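Below is upload_32.cif, which holds mmCIF, C-alpha atoms.
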```cif
data_run
loop_
_atom_site.label_atom_id
_atom_site.label_comp_id
_atom_site.auth_asym_id
_atom_site.auth_seq_id
_atom_site.Cartn_x
_atom_site.Cartn_y
_atom_site.Cartn_z
CA GLN T 190 3.03 25.90 -75.33
CA GLN T 191 6.25 24.55 -73.96
CA ALA T 192 6.77 27.39 -71.61
CA ASP T 193 5.19 27.10 -68.15
CA GLY T 194 2.05 29.18 -67.98
CA ILE T 195 0.31 30.65 -64.97
CA ALA T 196 -3.21 29.48 -64.03
CA GLU T 197 -5.46 32.36 -63.22
CA VAL T 198 -8.81 32.32 -61.51
CA GLY T 199 -11.17 35.22 -61.78
CA ASP T 200 -14.67 35.92 -60.53
CA ASN T 201 -16.34 34.55 -63.62
CA SER T 202 -13.62 32.30 -65.07
CA ALA T 203 -10.99 29.80 -64.01
CA VAL T 204 -7.88 28.42 -65.69
CA LYS T 205 -6.40 25.01 -64.89
CA ARG T 206 -2.90 23.92 -66.02
CA TYR T 207 -1.97 20.30 -66.80
CA SER T 208 1.48 18.91 -67.77
CA VAL T 209 1.32 16.43 -70.70
CA LYS T 210 3.92 14.66 -72.91
CA VAL T 211 3.47 14.51 -76.68
CA GLY T 212 6.15 12.92 -78.92
CA GLY T 213 8.67 12.95 -76.14
CA GLU T 214 8.15 16.62 -75.55
CA THR T 215 6.58 18.07 -72.40
CA TYR T 216 3.73 20.50 -72.93
CA THR T 217 1.44 22.45 -70.71
CA MET T 218 -2.29 22.20 -71.42
CA ILE T 219 -4.32 25.12 -70.10
CA VAL T 220 -8.07 24.62 -69.63
CA SER T 221 -10.24 27.59 -68.96
CA GLY T 222 -13.89 27.73 -68.11
CA GLY T 223 -16.54 30.09 -66.85
CA MET T 224 -17.37 30.12 -63.07
CA GLN T 225 -20.81 31.68 -63.34
CA PRO T 226 -22.79 28.36 -63.24
CA VAL T 227 -20.70 27.21 -60.30
CA ASN T 228 -21.23 30.45 -58.46
CA GLN T 229 -24.96 30.28 -59.08
CA ALA T 230 -25.07 26.70 -57.83
CA LEU T 231 -23.17 27.70 -54.69
CA GLU T 232 -25.52 30.60 -54.05
CA ILE T 233 -28.54 28.31 -54.44
CA LEU T 234 -26.87 25.76 -52.16
CA TYR T 235 -26.19 28.42 -49.53
CA GLN T 236 -29.84 29.52 -49.71
CA ILE T 237 -31.31 26.04 -49.29
CA LEU T 238 -28.67 24.83 -46.81
CA PRO T 239 -30.70 25.92 -43.71
CA TYR T 240 -33.73 24.10 -45.06
CA ILE T 241 -31.66 21.02 -45.73
CA LEU T 242 -30.24 21.15 -42.21
CA GLY T 243 -33.73 21.64 -40.76
CA ILE T 244 -35.12 18.72 -42.74
CA ALA T 245 -32.14 16.58 -41.72
CA ILE T 246 -32.66 17.44 -38.04
CA VAL T 247 -36.40 16.70 -38.22
CA VAL T 248 -35.81 13.42 -40.03
CA SER T 249 -33.12 12.50 -37.50
CA ILE T 250 -35.49 13.25 -34.61
CA LEU T 251 -38.24 11.16 -36.24
CA PHE T 252 -35.87 8.27 -36.83
CA ALA T 253 -34.59 8.58 -33.26
CA LEU T 254 -38.14 8.52 -31.88
CA GLY T 255 -39.02 5.55 -34.06
CA ALA T 256 -35.93 3.65 -32.98
CA SER T 257 -36.58 4.56 -29.35
CA LEU T 258 -40.15 3.34 -29.54
CA TYR T 259 -39.06 0.18 -31.35
CA LEU T 260 -36.51 -0.58 -28.66
CA THR T 261 -38.19 0.69 -25.50
CA PHE T 262 -41.86 -0.20 -26.03
CA PRO T 263 -41.28 -3.98 -25.78
CA ILE T 264 -39.06 -3.41 -22.73
CA VAL T 265 -41.79 -1.33 -21.08
CA ARG T 266 -44.28 -4.09 -21.92
CA LEU T 267 -41.99 -6.73 -20.43
CA SER T 268 -41.55 -4.59 -17.32
CA GLN T 269 -45.32 -4.36 -16.91
CA LEU T 270 -45.61 -8.10 -17.42
CA ALA T 271 -42.98 -8.71 -14.73
CA GLN T 272 -44.87 -6.41 -12.32
CA ASN T 273 -48.09 -8.35 -12.98
CA MET T 274 -46.27 -11.60 -12.25
CA ALA T 275 -44.94 -10.12 -9.02
CA ALA T 276 -48.57 -9.33 -8.10
CA LEU T 277 -49.49 -13.00 -8.87
CA ASP T 278 -51.42 -11.99 -12.00
CA PHE T 279 -50.56 -14.54 -14.70
CA ASP T 280 -53.35 -13.72 -17.17
CA SER T 281 -51.29 -11.36 -19.34
CA SER T 282 -48.49 -12.54 -21.65
CA TYR T 283 -45.99 -11.19 -24.17
CA GLN T 284 -47.52 -11.11 -27.67
CA GLY T 285 -44.54 -9.82 -29.68
CA LYS T 286 -43.15 -11.59 -32.77
CA ARG T 287 -39.58 -10.39 -32.47
CA THR T 288 -36.73 -12.90 -32.71
CA ASP T 289 -34.00 -10.80 -31.10
CA GLU T 290 -32.98 -10.75 -27.43
CA VAL T 291 -36.15 -8.87 -26.46
CA GLY T 292 -38.31 -11.53 -28.12
CA VAL T 293 -36.36 -14.32 -26.41
CA LEU T 294 -36.80 -12.53 -23.07
CA GLY T 295 -40.55 -12.21 -23.72
CA GLU T 296 -40.88 -15.93 -24.48
CA SER T 297 -38.90 -16.75 -21.35
CA LEU T 298 -41.25 -14.58 -19.27
CA ASN T 299 -44.25 -16.34 -20.82
CA GLU T 300 -42.79 -19.72 -19.90
CA LEU T 301 -41.97 -18.50 -16.41
CA SER T 302 -45.53 -17.18 -16.02
CA LYS T 303 -46.99 -20.56 -17.03
CA ASN T 304 -44.73 -22.44 -14.62
CA LEU T 305 -45.48 -20.07 -11.75
CA SER T 306 -49.21 -20.24 -12.44
CA ARG T 307 -49.13 -24.04 -12.46
CA ALA T 308 -47.03 -24.15 -9.29
CA LEU T 309 -49.39 -21.71 -7.58
CA GLU T 310 -52.42 -23.82 -8.51
CA GLU T 311 -50.69 -26.93 -7.17
CA LEU T 312 -49.78 -25.05 -4.01
CA LYS T 313 -53.38 -23.90 -3.55
CA SER T 314 -54.63 -27.45 -4.07
CA ALA T 315 -52.11 -28.81 -1.58
CA ASN T 316 -53.04 -26.06 0.87
CA GLU T 317 -56.74 -26.90 0.61
CA LYS T 318 -55.98 -30.59 1.12
CA LEU T 319 -53.80 -29.73 4.11
CA LYS T 320 -56.60 -27.61 5.61
CA SER T 321 -59.04 -30.47 5.06
CA ASP T 322 -56.65 -32.96 6.68
CA ILE T 323 -56.07 -30.65 9.64
CA GLU T 324 -59.81 -30.15 10.12
CA MET T 325 -60.39 -33.91 9.91
CA GLU T 326 -57.59 -34.51 12.40
CA ARG T 327 -59.18 -32.00 14.79
CA LYS T 328 -62.53 -33.80 14.55
CA ILE T 329 -60.84 -37.14 15.14
CA GLU T 330 -58.95 -35.71 18.10
CA LYS T 331 -62.18 -34.36 19.60
CA LYS T 332 -63.84 -37.74 19.17
CA ARG T 333 -60.80 -39.47 20.66
CA ILE T 334 -60.86 -37.17 23.69
CA ALA T 335 -64.61 -37.72 24.13
CA PHE T 336 -64.15 -41.48 23.78
CA PHE T 337 -61.38 -41.73 26.36
CA SER T 338 -63.32 -39.47 28.69
CA ALA T 339 -66.30 -41.79 28.44
CA VAL T 340 -64.09 -44.87 28.87
CA SER T 341 -62.43 -43.34 31.92
CA HIS T 342 -65.85 -42.74 33.42
CA GLU T 343 -66.93 -46.29 32.60
CA LEU T 344 -63.76 -47.76 34.12
CA LYS T 345 -64.21 -45.74 37.27
CA THR T 346 -67.46 -47.56 38.10
CA PRO T 347 -66.10 -51.17 38.12
CA ILE T 348 -62.99 -50.02 39.96
CA THR T 349 -65.19 -48.47 42.66
CA ILE T 350 -67.21 -51.71 42.84
CA LEU T 351 -64.04 -53.79 43.21
CA LYS T 352 -62.75 -51.49 45.90
CA GLY T 353 -66.03 -51.76 47.82
CA HIS T 354 -66.09 -55.56 47.53
CA LEU T 355 -62.50 -55.97 48.66
CA SER T 356 -62.87 -53.51 51.55
CA GLY T 357 -66.08 -55.18 52.73
CA MET T 358 -64.56 -58.66 52.56
CA LEU T 359 -61.40 -57.62 54.37
CA GLN T 360 -63.41 -55.97 57.14
CA GLY T 361 -66.03 -58.74 57.24
CA VAL T 362 -68.88 -56.25 57.17
CA GLY T 363 -72.40 -57.67 56.94
CA GLU T 364 -73.17 -59.66 53.82
CA TYR T 365 -69.57 -59.27 52.60
CA ARG T 366 -68.72 -62.15 54.94
CA ASP T 367 -69.93 -64.40 52.13
CA ARG T 368 -66.62 -64.04 50.36
CA ASN T 369 -67.22 -66.66 47.70
CA TYR T 370 -70.26 -64.76 46.42
CA TYR T 371 -68.51 -61.41 46.32
CA LEU T 372 -65.33 -62.91 44.90
CA GLN T 373 -67.46 -64.19 42.02
CA ARG T 374 -69.02 -60.72 41.64
CA SER T 375 -65.54 -59.17 41.69
CA LEU T 376 -64.40 -61.60 39.01
CA GLU T 377 -67.33 -60.63 36.81
CA THR T 378 -66.50 -56.96 37.32
CA THR T 379 -62.87 -57.67 36.40
CA GLU T 380 -64.01 -59.41 33.21
CA LYS T 381 -66.02 -56.31 32.28
CA MET T 382 -62.94 -54.18 32.78
CA GLU T 383 -61.01 -56.59 30.57
CA ASP T 384 -63.64 -56.20 27.85
CA MET T 385 -63.29 -52.43 28.05
CA VAL T 386 -59.53 -52.73 27.69
CA LYS T 387 -60.04 -54.93 24.62
CA GLU T 388 -62.33 -52.28 23.16
CA LEU T 389 -59.59 -49.69 23.70
CA LEU T 390 -57.12 -51.94 21.87
CA THR T 391 -59.65 -52.42 19.07
CA VAL T 392 -60.03 -48.67 18.67
CA SER T 393 -56.25 -48.33 18.58
CA ARG T 394 -55.99 -50.93 15.81
CA ILE T 395 -58.76 -49.22 13.83
CA GLU T 396 -56.91 -45.89 14.02
CA ASN T 397 -53.83 -47.68 12.64
CA ASN T 398 -55.93 -49.04 9.75
CA LYS T 399 -55.84 -52.58 11.14
CA PHE T 400 -59.54 -53.41 10.95
CA ILE T 401 -61.04 -56.44 12.60
CA THR T 402 -64.59 -57.50 11.70
CA GLN T 403 -66.69 -59.57 14.05
CA LYS T 404 -70.34 -60.57 14.08
CA THR T 405 -72.39 -59.55 17.10
CA ASP T 406 -75.95 -59.75 18.34
CA ILE T 407 -77.23 -56.23 19.00
CA ALA T 408 -80.20 -57.49 21.01
CA GLU T 409 -77.93 -59.53 23.27
CA GLN T 410 -75.63 -56.54 23.78
CA LEU T 411 -78.59 -54.38 24.78
CA ARG T 412 -79.86 -57.04 27.17
CA LEU T 413 -76.46 -57.28 28.87
CA GLN T 414 -76.15 -53.51 29.22
CA ILE T 415 -79.66 -53.21 30.68
CA ALA T 416 -78.95 -56.06 33.07
CA ASP T 417 -75.76 -54.33 34.25
CA MET T 418 -77.62 -51.10 34.89
#
```
Could you show the structure in this file as structure tokens?
Amino acid sequence: QQADGIAEVGDNSAVKRYSVKVGGETYTMIVSGGMQPVNQALEILYQILPYILGIAIVVSILFALGASLYLTFPIVRLSQLAQNMAALDFDSSYQGKRTDEVGVLGESLNELSKNLSRALEELKSANEKLKSDIEMERKIEKKRIAFFSAVSHELKTPITILKGHLSGMLQGVGEYRDRNYYLQRSLETTEKMEDMVKELLTVSRIENNKFITQKTDIAEQLRLQIADM
């Protein structure tokens, strides 16, 4: 029809109006249809809508939990690994296969753990060596103190002898009037003191790793020591 019509919508039907041109003339096409199937579909949709919303909420919660676990579990694991490293426990490591930032962080922690473990082992080894060196130095120091104490005692004897000879010769007491004899004895005592000083220098060179080897006759050394005593 060429005249404008009115679209009507009822409970069970609906009318839709469209303007079309045919042969240069403008017409109005009216399409009508029943609303019962639509109404039934809407009623069914309204009935199942709470279930759909419930299912959507449950699925959303499950997806949220899954995503949370996927994101937070590696972080919790890395946190535990960092705490173990802080407690100097380098046995555990990150075993994940992820290639994102979390995976890169895990690999970095593994590398850090290896480096710290190696550094700690080197530090322990150096500490043990230092303790050994300190203990050896203490033993050497004790031996050095004992040696110089013995040398001081040995030097005291010839010094006392020299003092007695010189005092006796100066005062002309008794047999000390024979100065030539006691001067010779004093010279021998001085030579012994010189030998002791040479021994001290030898010990000093040995401590500075400047070793000097020399052949000696043990029997002759014993004979001289017994003769002196």
Using the chain letters and residue numbers of this document, give as a PyMOL selection string the residues selected by the PyMOL selection byres ((chain T and resi 220) around 6).
chain T and resi 204-205+219+221
Residues from last step as file, C-alpha atoms, as a PDB file, in the coordinates of the input:
```pdb
ATOM      1  CA  VAL T 204      -7.880  28.420 -65.690  1.00  0.00           C
ATOM      2  CA  LYS T 205      -6.400  25.010 -64.890  1.00  0.00           C
ATOM      3  CA  ILE T 219      -4.320  25.120 -70.100  1.00  0.00           C
ATOM      4  CA  SER T 221     -10.240  27.590 -68.960  1.00  0.00           C
TER       5      SER T 221
END
```
From the set T:Ala276, T:Ile350, T:Met418, T:Leu267, which residue has the shortest atom-to-atom contact distance to Ser297 of chain T, counting only C-alpha atoms?
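So, comparing all the options, the nearest one is T:Leu267.
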Could you list, as a PyMOL selection string, every residue within 7 Å of Ala203 of chain T, counting only C-alpha atoms and ignoring same-chain residues fewer than 6 positions away?
chain T and resi 197+221-224
Excluding same-chain residues fewer than 5 positions from Thr346 of chain T, what lies within 12 Å of it counting all atoms listed in the file, as a VMD selection string?
chain T and resid 339 to 341 351 to 353 378 to 379 381 to 382 385 417 to 418
Expansion of the PyMOL selection byres ((chain T and resi 294) around 12) into residues, as number ranges by chain
T: 263-264, 266-268, 270-271, 282-293, 295-301
Nearest to Met218 of chain T by atom-to-atom distance, counting only C-alpha atoms, from T:Lys345, T:Leu251, T:Arg206, T:Ser302:
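Of T:Lys345, T:Leu251, T:Arg206, T:Ser302, the one nearest Met218 of chain T, counting only C-alpha atoms, is T:Arg206.
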Between atom CA of Arg394 of chain T and atom CA of Leu344 of chain T - distance in Å to one decimal
20.1 Å
Counting all atoms listed in the file, which of T:Ser393, T:Ser321, T:Asn369, T:Ser281 gets nearest to Phe336 of chain T?
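Checking each of T:Ser393, T:Ser321, T:Asn369, T:Ser281 against Phe336 of chain T, counting all atoms listed in the file, the winner is T:Ser393.
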If you measure from atom CA of Asp278 of chain T to atom CA of Leu305 of chain T, what distance in Å do you get, rounded to one decimal?
10.0 Å
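Separating atom CA of Gln272 of chain T from atom CA of Leu258 of chain T is a distance of 20.3 Å.
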